[in-house]
file entry.txt (compact mmCIF, N, CA and C atoms)
# COMPACT_ATOMS: atom_id res chain seq x y z
N PRO Z 20 -84.65 -9.95 155.45
CA PRO Z 20 -83.26 -10.36 155.67
C PRO Z 20 -83.03 -11.80 155.23
N ILE Z 21 -81.77 -12.19 155.18
CA ILE Z 21 -81.44 -13.53 154.70
C ILE Z 21 -81.78 -14.61 155.72
N TYR Z 22 -82.14 -14.26 156.93
CA TYR Z 22 -82.36 -15.26 157.97
C TYR Z 22 -83.82 -15.67 158.11
N THR Z 23 -84.69 -15.31 157.18
CA THR Z 23 -86.10 -15.62 157.32
C THR Z 23 -86.38 -17.11 157.29
N SER Z 24 -85.59 -17.89 156.58
CA SER Z 24 -85.84 -19.32 156.50
C SER Z 24 -85.17 -20.12 157.61
N ALA Z 25 -84.65 -19.44 158.60
CA ALA Z 25 -83.90 -20.11 159.65
C ALA Z 25 -84.75 -20.48 160.86
N ALA Z 26 -86.04 -20.22 160.81
CA ALA Z 26 -86.88 -20.48 161.97
C ALA Z 26 -86.81 -21.93 162.42
N ALA Z 27 -86.68 -22.86 161.49
CA ALA Z 27 -86.64 -24.27 161.84
C ALA Z 27 -85.23 -24.78 162.06
N SER Z 28 -84.24 -23.94 161.97
CA SER Z 28 -82.86 -24.43 162.03
C SER Z 28 -82.37 -24.69 163.45
N CYS Z 29 -83.05 -24.20 164.45
CA CYS Z 29 -82.59 -24.35 165.82
C CYS Z 29 -83.49 -25.31 166.57
N THR Z 30 -83.11 -26.55 166.63
CA THR Z 30 -83.87 -27.54 167.39
C THR Z 30 -82.95 -28.14 168.42
N SER Z 31 -83.50 -28.46 169.56
CA SER Z 31 -82.66 -29.07 170.59
C SER Z 31 -82.43 -30.53 170.24
N SER Z 32 -81.40 -31.10 170.80
CA SER Z 32 -81.08 -32.49 170.50
C SER Z 32 -82.10 -33.44 171.08
N SER Z 33 -82.94 -32.97 171.99
CA SER Z 33 -83.95 -33.83 172.58
C SER Z 33 -85.31 -33.68 171.91
N SER Z 34 -85.38 -32.94 170.79
CA SER Z 34 -86.66 -32.71 170.13
C SER Z 34 -87.13 -33.97 169.43
N ALA Z 35 -88.39 -33.98 169.06
CA ALA Z 35 -88.98 -35.13 168.42
C ALA Z 35 -88.39 -35.40 167.05
N SER Z 36 -87.81 -34.40 166.41
CA SER Z 36 -87.25 -34.60 165.08
C SER Z 36 -85.83 -35.15 165.11
N ALA Z 37 -85.28 -35.33 166.30
CA ALA Z 37 -83.91 -35.85 166.40
C ALA Z 37 -83.90 -37.31 165.97
N PRO Z 38 -82.83 -37.78 165.34
CA PRO Z 38 -82.75 -39.16 164.90
C PRO Z 38 -82.67 -40.11 166.09
N SER Z 39 -83.03 -41.35 165.85
CA SER Z 39 -83.01 -42.34 166.92
C SER Z 39 -81.58 -42.65 167.31
N ALA Z 40 -81.41 -43.22 168.49
CA ALA Z 40 -80.08 -43.52 169.00
C ALA Z 40 -79.38 -44.58 168.15
N SER Z 41 -80.15 -45.38 167.41
CA SER Z 41 -79.54 -46.44 166.62
C SER Z 41 -78.94 -45.93 165.32
N SER Z 42 -79.25 -44.71 164.91
CA SER Z 42 -78.71 -44.20 163.65
C SER Z 42 -77.25 -43.78 163.83
N SER Z 43 -76.50 -43.84 162.75
CA SER Z 43 -75.09 -43.46 162.78
C SER Z 43 -74.98 -41.95 162.73
N THR Z 44 -74.59 -41.36 163.84
CA THR Z 44 -74.53 -39.90 163.88
C THR Z 44 -73.17 -39.38 164.30
N SER Z 45 -72.19 -40.24 164.44
CA SER Z 45 -70.88 -39.77 164.87
C SER Z 45 -70.16 -39.11 163.70
N ALA Z 46 -69.15 -38.31 164.03
CA ALA Z 46 -68.36 -37.65 162.99
C ALA Z 46 -67.70 -38.69 162.08
N ALA Z 47 -67.29 -39.82 162.64
CA ALA Z 47 -66.67 -40.87 161.82
C ALA Z 47 -67.66 -41.45 160.83
N ALA Z 48 -68.91 -41.64 161.27
CA ALA Z 48 -69.93 -42.17 160.37
C ALA Z 48 -70.25 -41.18 159.27
N ILE Z 49 -70.30 -39.91 159.62
CA ILE Z 49 -70.56 -38.88 158.61
C ILE Z 49 -69.41 -38.82 157.63
N ALA Z 50 -68.18 -38.87 158.14
CA ALA Z 50 -67.00 -38.82 157.27
C ALA Z 50 -66.98 -39.99 156.30
N ALA Z 51 -67.45 -41.15 156.76
CA ALA Z 51 -67.47 -42.32 155.89
C ALA Z 51 -68.51 -42.18 154.80
N ASP Z 52 -69.59 -41.43 155.07
CA ASP Z 52 -70.69 -41.30 154.13
C ASP Z 52 -70.58 -40.07 153.24
N VAL Z 53 -69.84 -39.07 153.69
CA VAL Z 53 -69.70 -37.83 152.92
C VAL Z 53 -68.61 -38.01 151.88
N SER Z 54 -68.81 -37.44 150.74
CA SER Z 54 -67.77 -37.47 149.72
C SER Z 54 -66.72 -36.43 150.08
N LEU Z 55 -65.72 -36.85 150.81
CA LEU Z 55 -64.70 -35.92 151.30
C LEU Z 55 -63.69 -35.59 150.22
N PRO Z 56 -63.35 -34.32 150.10
CA PRO Z 56 -62.27 -34.00 149.18
C PRO Z 56 -60.96 -34.58 149.64
N GLY Z 57 -60.86 -34.96 150.90
CA GLY Z 57 -59.62 -35.52 151.42
C GLY Z 57 -59.59 -37.02 151.43
N SER Z 58 -60.60 -37.68 150.84
CA SER Z 58 -60.65 -39.13 150.91
C SER Z 58 -59.60 -39.80 150.03
N GLN Z 59 -59.13 -39.11 149.04
CA GLN Z 59 -58.06 -39.62 148.20
C GLN Z 59 -56.88 -38.66 148.29
N PRO Z 60 -55.67 -39.15 148.50
CA PRO Z 60 -54.52 -38.26 148.64
C PRO Z 60 -54.37 -37.25 147.51
N SER Z 61 -54.71 -37.62 146.30
CA SER Z 61 -54.51 -36.70 145.18
C SER Z 61 -55.58 -35.62 145.12
N SER Z 62 -56.72 -35.78 145.82
CA SER Z 62 -57.80 -34.82 145.70
C SER Z 62 -57.75 -33.72 146.76
N PHE Z 63 -56.86 -33.82 147.70
CA PHE Z 63 -56.78 -32.82 148.78
C PHE Z 63 -55.32 -32.47 148.98
N PRO Z 64 -54.62 -32.16 147.89
CA PRO Z 64 -53.17 -31.96 147.99
C PRO Z 64 -52.81 -30.53 148.37
N ALA Z 65 -51.60 -30.36 148.76
CA ALA Z 65 -51.06 -29.03 148.97
C ALA Z 65 -49.56 -29.12 148.73
N PRO Z 66 -49.02 -28.17 148.02
CA PRO Z 66 -47.58 -28.19 147.79
C PRO Z 66 -46.80 -27.98 149.09
N VAL Z 67 -45.61 -28.51 149.13
CA VAL Z 67 -44.76 -28.39 150.32
C VAL Z 67 -44.54 -26.93 150.68
N SER Z 68 -44.45 -26.07 149.70
CA SER Z 68 -44.24 -24.64 149.97
C SER Z 68 -45.41 -24.03 150.73
N VAL Z 69 -46.59 -24.62 150.61
CA VAL Z 69 -47.75 -24.12 151.34
C VAL Z 69 -47.80 -24.72 152.74
N ILE Z 70 -47.42 -25.98 152.89
CA ILE Z 70 -47.49 -26.68 154.17
C ILE Z 70 -46.37 -26.27 155.12
N SER Z 71 -45.18 -26.03 154.63
CA SER Z 71 -44.03 -25.78 155.51
C SER Z 71 -44.18 -24.58 156.44
N PRO Z 72 -44.82 -23.47 156.05
CA PRO Z 72 -44.93 -22.35 157.00
C PRO Z 72 -46.07 -22.48 158.02
N LEU Z 73 -46.80 -23.58 158.01
CA LEU Z 73 -47.92 -23.75 158.93
C LEU Z 73 -47.44 -23.94 160.36
N SER Z 74 -48.31 -23.61 161.32
CA SER Z 74 -48.00 -23.85 162.73
C SER Z 74 -47.93 -25.36 162.98
N SER Z 75 -47.35 -25.76 164.09
CA SER Z 75 -47.22 -27.19 164.37
C SER Z 75 -48.59 -27.85 164.51
N PHE Z 76 -49.57 -27.15 165.12
CA PHE Z 76 -50.92 -27.70 165.24
C PHE Z 76 -51.57 -27.87 163.88
N GLN Z 77 -51.46 -26.85 163.04
CA GLN Z 77 -52.07 -26.92 161.71
C GLN Z 77 -51.40 -28.00 160.87
N ARG Z 78 -50.08 -28.12 160.96
CA ARG Z 78 -49.36 -29.15 160.21
C ARG Z 78 -49.77 -30.54 160.69
N SER Z 79 -49.90 -30.71 162.01
CA SER Z 79 -50.32 -32.00 162.57
C SER Z 79 -51.74 -32.35 162.12
N ALA Z 80 -52.64 -31.37 162.18
CA ALA Z 80 -54.02 -31.61 161.73
C ALA Z 80 -54.06 -31.93 160.25
N TRP Z 81 -53.20 -31.26 159.46
CA TRP Z 81 -53.14 -31.51 158.02
C TRP Z 81 -52.66 -32.93 157.75
N GLU Z 82 -51.64 -33.37 158.47
CA GLU Z 82 -51.09 -34.71 158.25
C GLU Z 82 -52.10 -35.79 158.64
N ASP Z 83 -52.97 -35.51 159.59
CA ASP Z 83 -53.98 -36.47 160.04
C ASP Z 83 -55.33 -36.29 159.33
N ARG Z 84 -55.38 -35.52 158.26
CA ARG Z 84 -56.65 -35.19 157.62
C ARG Z 84 -57.37 -36.40 157.05
N PHE Z 85 -56.66 -37.50 156.76
CA PHE Z 85 -57.32 -38.69 156.24
C PHE Z 85 -57.87 -39.54 157.38
N ILE Z 86 -57.32 -39.38 158.57
CA ILE Z 86 -57.78 -40.12 159.74
C ILE Z 86 -58.92 -39.36 160.41
N ASN Z 87 -58.76 -38.04 160.57
CA ASN Z 87 -59.77 -37.21 161.23
C ASN Z 87 -59.95 -35.91 160.44
N PRO Z 88 -60.67 -35.98 159.32
CA PRO Z 88 -60.83 -34.76 158.51
C PRO Z 88 -61.60 -33.67 159.24
N ASN Z 89 -62.48 -34.05 160.15
CA ASN Z 89 -63.27 -33.06 160.88
C ASN Z 89 -62.39 -32.11 161.68
N LEU Z 90 -61.31 -32.61 162.28
CA LEU Z 90 -60.43 -31.78 163.09
C LEU Z 90 -59.81 -30.67 162.24
N TYR Z 91 -59.26 -31.05 161.10
CA TYR Z 91 -58.63 -30.04 160.26
C TYR Z 91 -59.65 -29.04 159.74
N LEU Z 92 -60.77 -29.54 159.22
CA LEU Z 92 -61.77 -28.69 158.58
C LEU Z 92 -62.52 -27.81 159.58
N HIS Z 93 -62.52 -28.18 160.85
CA HIS Z 93 -63.18 -27.34 161.85
C HIS Z 93 -62.43 -26.03 162.04
N PHE Z 94 -61.11 -26.10 162.02
CA PHE Z 94 -60.31 -24.92 162.32
C PHE Z 94 -59.75 -24.21 161.09
N PHE Z 95 -59.56 -24.93 160.01
CA PHE Z 95 -58.83 -24.38 158.87
C PHE Z 95 -59.56 -24.63 157.56
N ALA Z 96 -59.28 -23.78 156.58
CA ALA Z 96 -59.68 -24.06 155.20
C ALA Z 96 -58.54 -24.84 154.56
N LYS Z 97 -58.76 -25.32 153.36
CA LYS Z 97 -57.67 -25.99 152.65
C LYS Z 97 -56.50 -25.00 152.54
N PRO Z 98 -55.27 -25.47 152.66
CA PRO Z 98 -54.12 -24.57 152.63
C PRO Z 98 -54.04 -23.71 151.37
N THR Z 99 -54.58 -24.18 150.28
CA THR Z 99 -54.52 -23.40 149.04
C THR Z 99 -55.70 -22.45 148.89
N LYS Z 100 -56.61 -22.42 149.87
CA LYS Z 100 -57.79 -21.56 149.81
C LYS Z 100 -57.70 -20.46 150.85
N HIS Z 101 -58.21 -19.30 150.50
CA HIS Z 101 -58.28 -18.17 151.43
C HIS Z 101 -59.51 -18.33 152.31
N LEU Z 102 -59.36 -18.15 153.60
CA LEU Z 102 -60.49 -18.26 154.53
C LEU Z 102 -61.21 -16.92 154.61
N ASP Z 103 -62.48 -16.91 154.20
CA ASP Z 103 -63.27 -15.68 154.29
C ASP Z 103 -63.57 -15.36 155.74
N THR Z 104 -63.59 -14.09 156.06
CA THR Z 104 -63.98 -13.65 157.39
C THR Z 104 -65.19 -12.75 157.25
N GLY Z 105 -65.83 -12.46 158.35
CA GLY Z 105 -66.99 -11.59 158.31
C GLY Z 105 -68.28 -12.38 158.19
N ALA Z 106 -69.36 -11.64 158.04
CA ALA Z 106 -70.69 -12.23 158.01
C ALA Z 106 -70.90 -13.09 156.76
N PHE Z 107 -71.80 -14.05 156.88
CA PHE Z 107 -72.16 -14.88 155.75
C PHE Z 107 -72.95 -14.04 154.75
N THR Z 108 -72.67 -14.23 153.48
CA THR Z 108 -73.43 -13.56 152.44
C THR Z 108 -74.73 -14.31 152.21
N GLU Z 109 -75.60 -13.77 151.39
CA GLU Z 109 -76.85 -14.48 151.07
C GLU Z 109 -76.55 -15.81 150.40
N ALA Z 110 -75.56 -15.84 149.52
CA ALA Z 110 -75.19 -17.09 148.86
C ALA Z 110 -74.65 -18.10 149.88
N ASP Z 111 -73.82 -17.65 150.80
CA ASP Z 111 -73.32 -18.52 151.86
C ASP Z 111 -74.48 -19.07 152.70
N HIS Z 112 -75.43 -18.21 153.02
CA HIS Z 112 -76.56 -18.62 153.84
C HIS Z 112 -77.40 -19.68 153.12
N LYS Z 113 -77.60 -19.53 151.82
CA LYS Z 113 -78.37 -20.53 151.06
C LYS Z 113 -77.65 -21.87 151.08
N VAL Z 114 -76.33 -21.85 150.89
CA VAL Z 114 -75.55 -23.09 150.95
C VAL Z 114 -75.64 -23.69 152.35
N PHE Z 115 -75.58 -22.83 153.38
CA PHE Z 115 -75.67 -23.28 154.76
C PHE Z 115 -76.99 -24.00 155.00
N MET Z 116 -78.10 -23.39 154.58
CA MET Z 116 -79.41 -23.99 154.82
C MET Z 116 -79.57 -25.29 154.04
N THR Z 117 -79.03 -25.36 152.82
CA THR Z 117 -79.07 -26.59 152.04
C THR Z 117 -78.29 -27.70 152.74
N GLN Z 118 -77.13 -27.36 153.25
CA GLN Z 118 -76.30 -28.35 153.96
C GLN Z 118 -76.98 -28.78 155.26
N LEU Z 119 -77.61 -27.84 155.95
CA LEU Z 119 -78.33 -28.17 157.18
C LEU Z 119 -79.47 -29.14 156.88
N ASP Z 120 -80.21 -28.90 155.80
CA ASP Z 120 -81.28 -29.82 155.41
C ASP Z 120 -80.72 -31.19 155.05
N GLU Z 121 -79.58 -31.22 154.37
CA GLU Z 121 -78.95 -32.49 154.00
C GLU Z 121 -78.59 -33.29 155.26
N PHE Z 122 -78.03 -32.63 156.25
CA PHE Z 122 -77.68 -33.32 157.50
C PHE Z 122 -78.93 -33.85 158.19
N ARG Z 123 -80.00 -33.08 158.19
CA ARG Z 123 -81.26 -33.52 158.82
C ARG Z 123 -81.86 -34.72 158.09
N VAL Z 124 -81.89 -34.66 156.77
CA VAL Z 124 -82.47 -35.75 155.97
C VAL Z 124 -81.72 -37.05 156.24
N ARG Z 125 -80.41 -36.97 156.36
CA ARG Z 125 -79.61 -38.17 156.60
C ARG Z 125 -79.58 -38.59 158.07
N GLY Z 126 -80.14 -37.76 158.95
CA GLY Z 126 -80.17 -38.10 160.37
C GLY Z 126 -78.86 -37.88 161.08
N TRP Z 127 -78.01 -37.01 160.55
CA TRP Z 127 -76.71 -36.75 161.16
C TRP Z 127 -76.86 -35.63 162.19
N ARG Z 128 -76.16 -35.77 163.28
CA ARG Z 128 -76.13 -34.70 164.29
C ARG Z 128 -74.91 -33.83 164.04
N LEU Z 129 -75.06 -32.57 164.35
CA LEU Z 129 -73.99 -31.62 164.06
C LEU Z 129 -73.00 -31.45 165.20
N GLY Z 130 -73.31 -31.86 166.39
CA GLY Z 130 -72.50 -31.60 167.56
C GLY Z 130 -71.01 -31.48 167.35
N GLY Z 131 -70.36 -32.51 166.86
CA GLY Z 131 -68.92 -32.47 166.66
C GLY Z 131 -68.52 -32.59 165.21
N SER Z 132 -69.42 -32.26 164.31
CA SER Z 132 -69.18 -32.48 162.90
C SER Z 132 -69.19 -31.21 162.05
N TRP Z 133 -68.92 -30.08 162.66
CA TRP Z 133 -68.98 -28.83 161.92
C TRP Z 133 -67.90 -28.73 160.86
N GLY Z 134 -66.77 -29.39 161.06
CA GLY Z 134 -65.74 -29.40 160.03
C GLY Z 134 -66.23 -30.11 158.78
N LEU Z 135 -66.89 -31.25 158.96
CA LEU Z 135 -67.44 -31.96 157.81
C LEU Z 135 -68.59 -31.17 157.19
N PHE Z 136 -69.36 -30.49 158.02
CA PHE Z 136 -70.44 -29.64 157.53
C PHE Z 136 -69.88 -28.56 156.60
N SER Z 137 -68.71 -28.05 156.93
CA SER Z 137 -68.13 -26.95 156.17
C SER Z 137 -67.60 -27.37 154.79
N LEU Z 138 -67.65 -28.65 154.46
CA LEU Z 138 -67.19 -29.09 153.14
C LEU Z 138 -68.02 -28.48 152.02
N ALA Z 139 -69.21 -28.02 152.32
CA ALA Z 139 -70.06 -27.40 151.31
C ALA Z 139 -69.54 -26.02 150.91
N PHE Z 140 -68.60 -25.48 151.68
CA PHE Z 140 -68.07 -24.15 151.45
C PHE Z 140 -66.62 -24.23 151.00
N GLU Z 141 -66.26 -23.41 150.04
CA GLU Z 141 -64.86 -23.35 149.61
C GLU Z 141 -64.01 -22.55 150.59
N HIS Z 142 -64.57 -21.50 151.17
CA HIS Z 142 -63.76 -20.54 151.93
C HIS Z 142 -64.26 -20.33 153.35
N ARG Z 143 -64.89 -21.33 153.94
CA ARG Z 143 -65.35 -21.25 155.33
C ARG Z 143 -64.89 -22.50 156.06
N ASN Z 144 -64.71 -22.37 157.37
CA ASN Z 144 -64.35 -23.55 158.16
C ASN Z 144 -65.51 -23.93 159.08
N GLY Z 145 -65.34 -25.01 159.82
CA GLY Z 145 -66.40 -25.50 160.68
C GLY Z 145 -66.76 -24.55 161.80
N ALA Z 146 -65.77 -23.86 162.36
CA ALA Z 146 -66.05 -22.91 163.45
C ALA Z 146 -66.93 -21.76 162.95
N GLN Z 147 -66.70 -21.30 161.74
CA GLN Z 147 -67.53 -20.23 161.18
C GLN Z 147 -68.96 -20.71 160.95
N CYS Z 148 -69.12 -21.95 160.51
CA CYS Z 148 -70.46 -22.51 160.32
C CYS Z 148 -71.18 -22.64 161.66
N PHE Z 149 -70.46 -23.10 162.67
CA PHE Z 149 -71.05 -23.22 164.00
C PHE Z 149 -71.48 -21.85 164.53
N ASN Z 150 -70.65 -20.85 164.37
CA ASN Z 150 -71.01 -19.50 164.82
C ASN Z 150 -72.21 -18.95 164.05
N HIS Z 151 -72.31 -19.25 162.76
CA HIS Z 151 -73.47 -18.82 161.98
C HIS Z 151 -74.73 -19.50 162.49
N PHE Z 152 -74.63 -20.78 162.84
CA PHE Z 152 -75.76 -21.50 163.40
C PHE Z 152 -76.22 -20.87 164.72
N LEU Z 153 -75.25 -20.53 165.57
CA LEU Z 153 -75.60 -19.89 166.84
C LEU Z 153 -76.26 -18.53 166.60
N THR Z 154 -75.80 -17.80 165.60
CA THR Z 154 -76.41 -16.52 165.24
C THR Z 154 -77.86 -16.73 164.83
N LEU Z 155 -78.12 -17.76 164.04
CA LEU Z 155 -79.48 -18.05 163.62
C LEU Z 155 -80.37 -18.40 164.81
N CYS Z 156 -79.82 -19.17 165.74
CA CYS Z 156 -80.59 -19.53 166.94
C CYS Z 156 -80.87 -18.30 167.80
N PHE Z 157 -79.90 -17.41 167.92
CA PHE Z 157 -80.07 -16.21 168.72
C PHE Z 157 -81.13 -15.30 168.08
N LEU Z 158 -81.12 -15.16 166.76
CA LEU Z 158 -82.10 -14.32 166.08
C LEU Z 158 -83.51 -14.89 166.18
N ARG Z 159 -83.62 -16.19 166.36
CA ARG Z 159 -84.93 -16.84 166.45
C ARG Z 159 -85.61 -16.50 167.75
N ARG Z 160 -84.85 -16.23 168.80
CA ARG Z 160 -85.43 -15.98 170.12
C ARG Z 160 -86.24 -14.73 170.16

call {"tool": "encode", "arguments": {"input": "entry.txt", "output": "structure tokens"}}
result
Amino acid sequence: PIYTSAAASCTSSSSASAPSASSSTSAAAIAADVSLPGSQPSSFPAPVSVISPLSSFQRSAWEDRFINPNLYLHFFAKPTKHLDTGAFTEADHKVFMTQLDEFRVRGWRLGGSWGLFSLAFEHRNGAQCFNHFLTLCFLRR
């Protein structure tokens, strides 16, 4: 199955491999270091016709995407992208594991940063990545 390489993906935050308290691990620090598609207004655009039918929460999160990109990306995909549902494919899982390794190498914690984690995916949001991580942890038991 596609989950064979996930044995090391579930570590507790108190494990020896966790980064030191002095490292920058907050969502804001990750957002500052990640090349966000929303870091420049022209690179994360959406036409008014796409934004206007959004719910008030989604519109508010969209308007604040430059201040708190993690909030928007945790719940939603880009307005011009279709959000995939269902299980992760093998390709999605490979991207997931690559992104997980990237976060570990940089010493970033995932706790509140799943929206930023989901930037590696075109059609997934942070909540879906978090649920996939929990699935991997459950299968490991």

call {"tool": "atom_distance", "arguments": {"input": "entry.txt", "atom1": "atom CA of Z:Asn150", "atom2": "atom N of Z:Pro72"}}
result
27.9 Å

call {"tool": "atom_distance", "arguments": {"input": "entry.txt", "atom1": "atom C of Z:Phe136", "atom2": "atom CA of Z:Asp103"}}
result
14.7 Å

call {"tool": "atom_distance", "arguments": {"input": "entry.txt", "atom1": "atom CA of Z:Leu73", "atom2": "atom CA of Z:Asp111"}}
result
26.9 Å
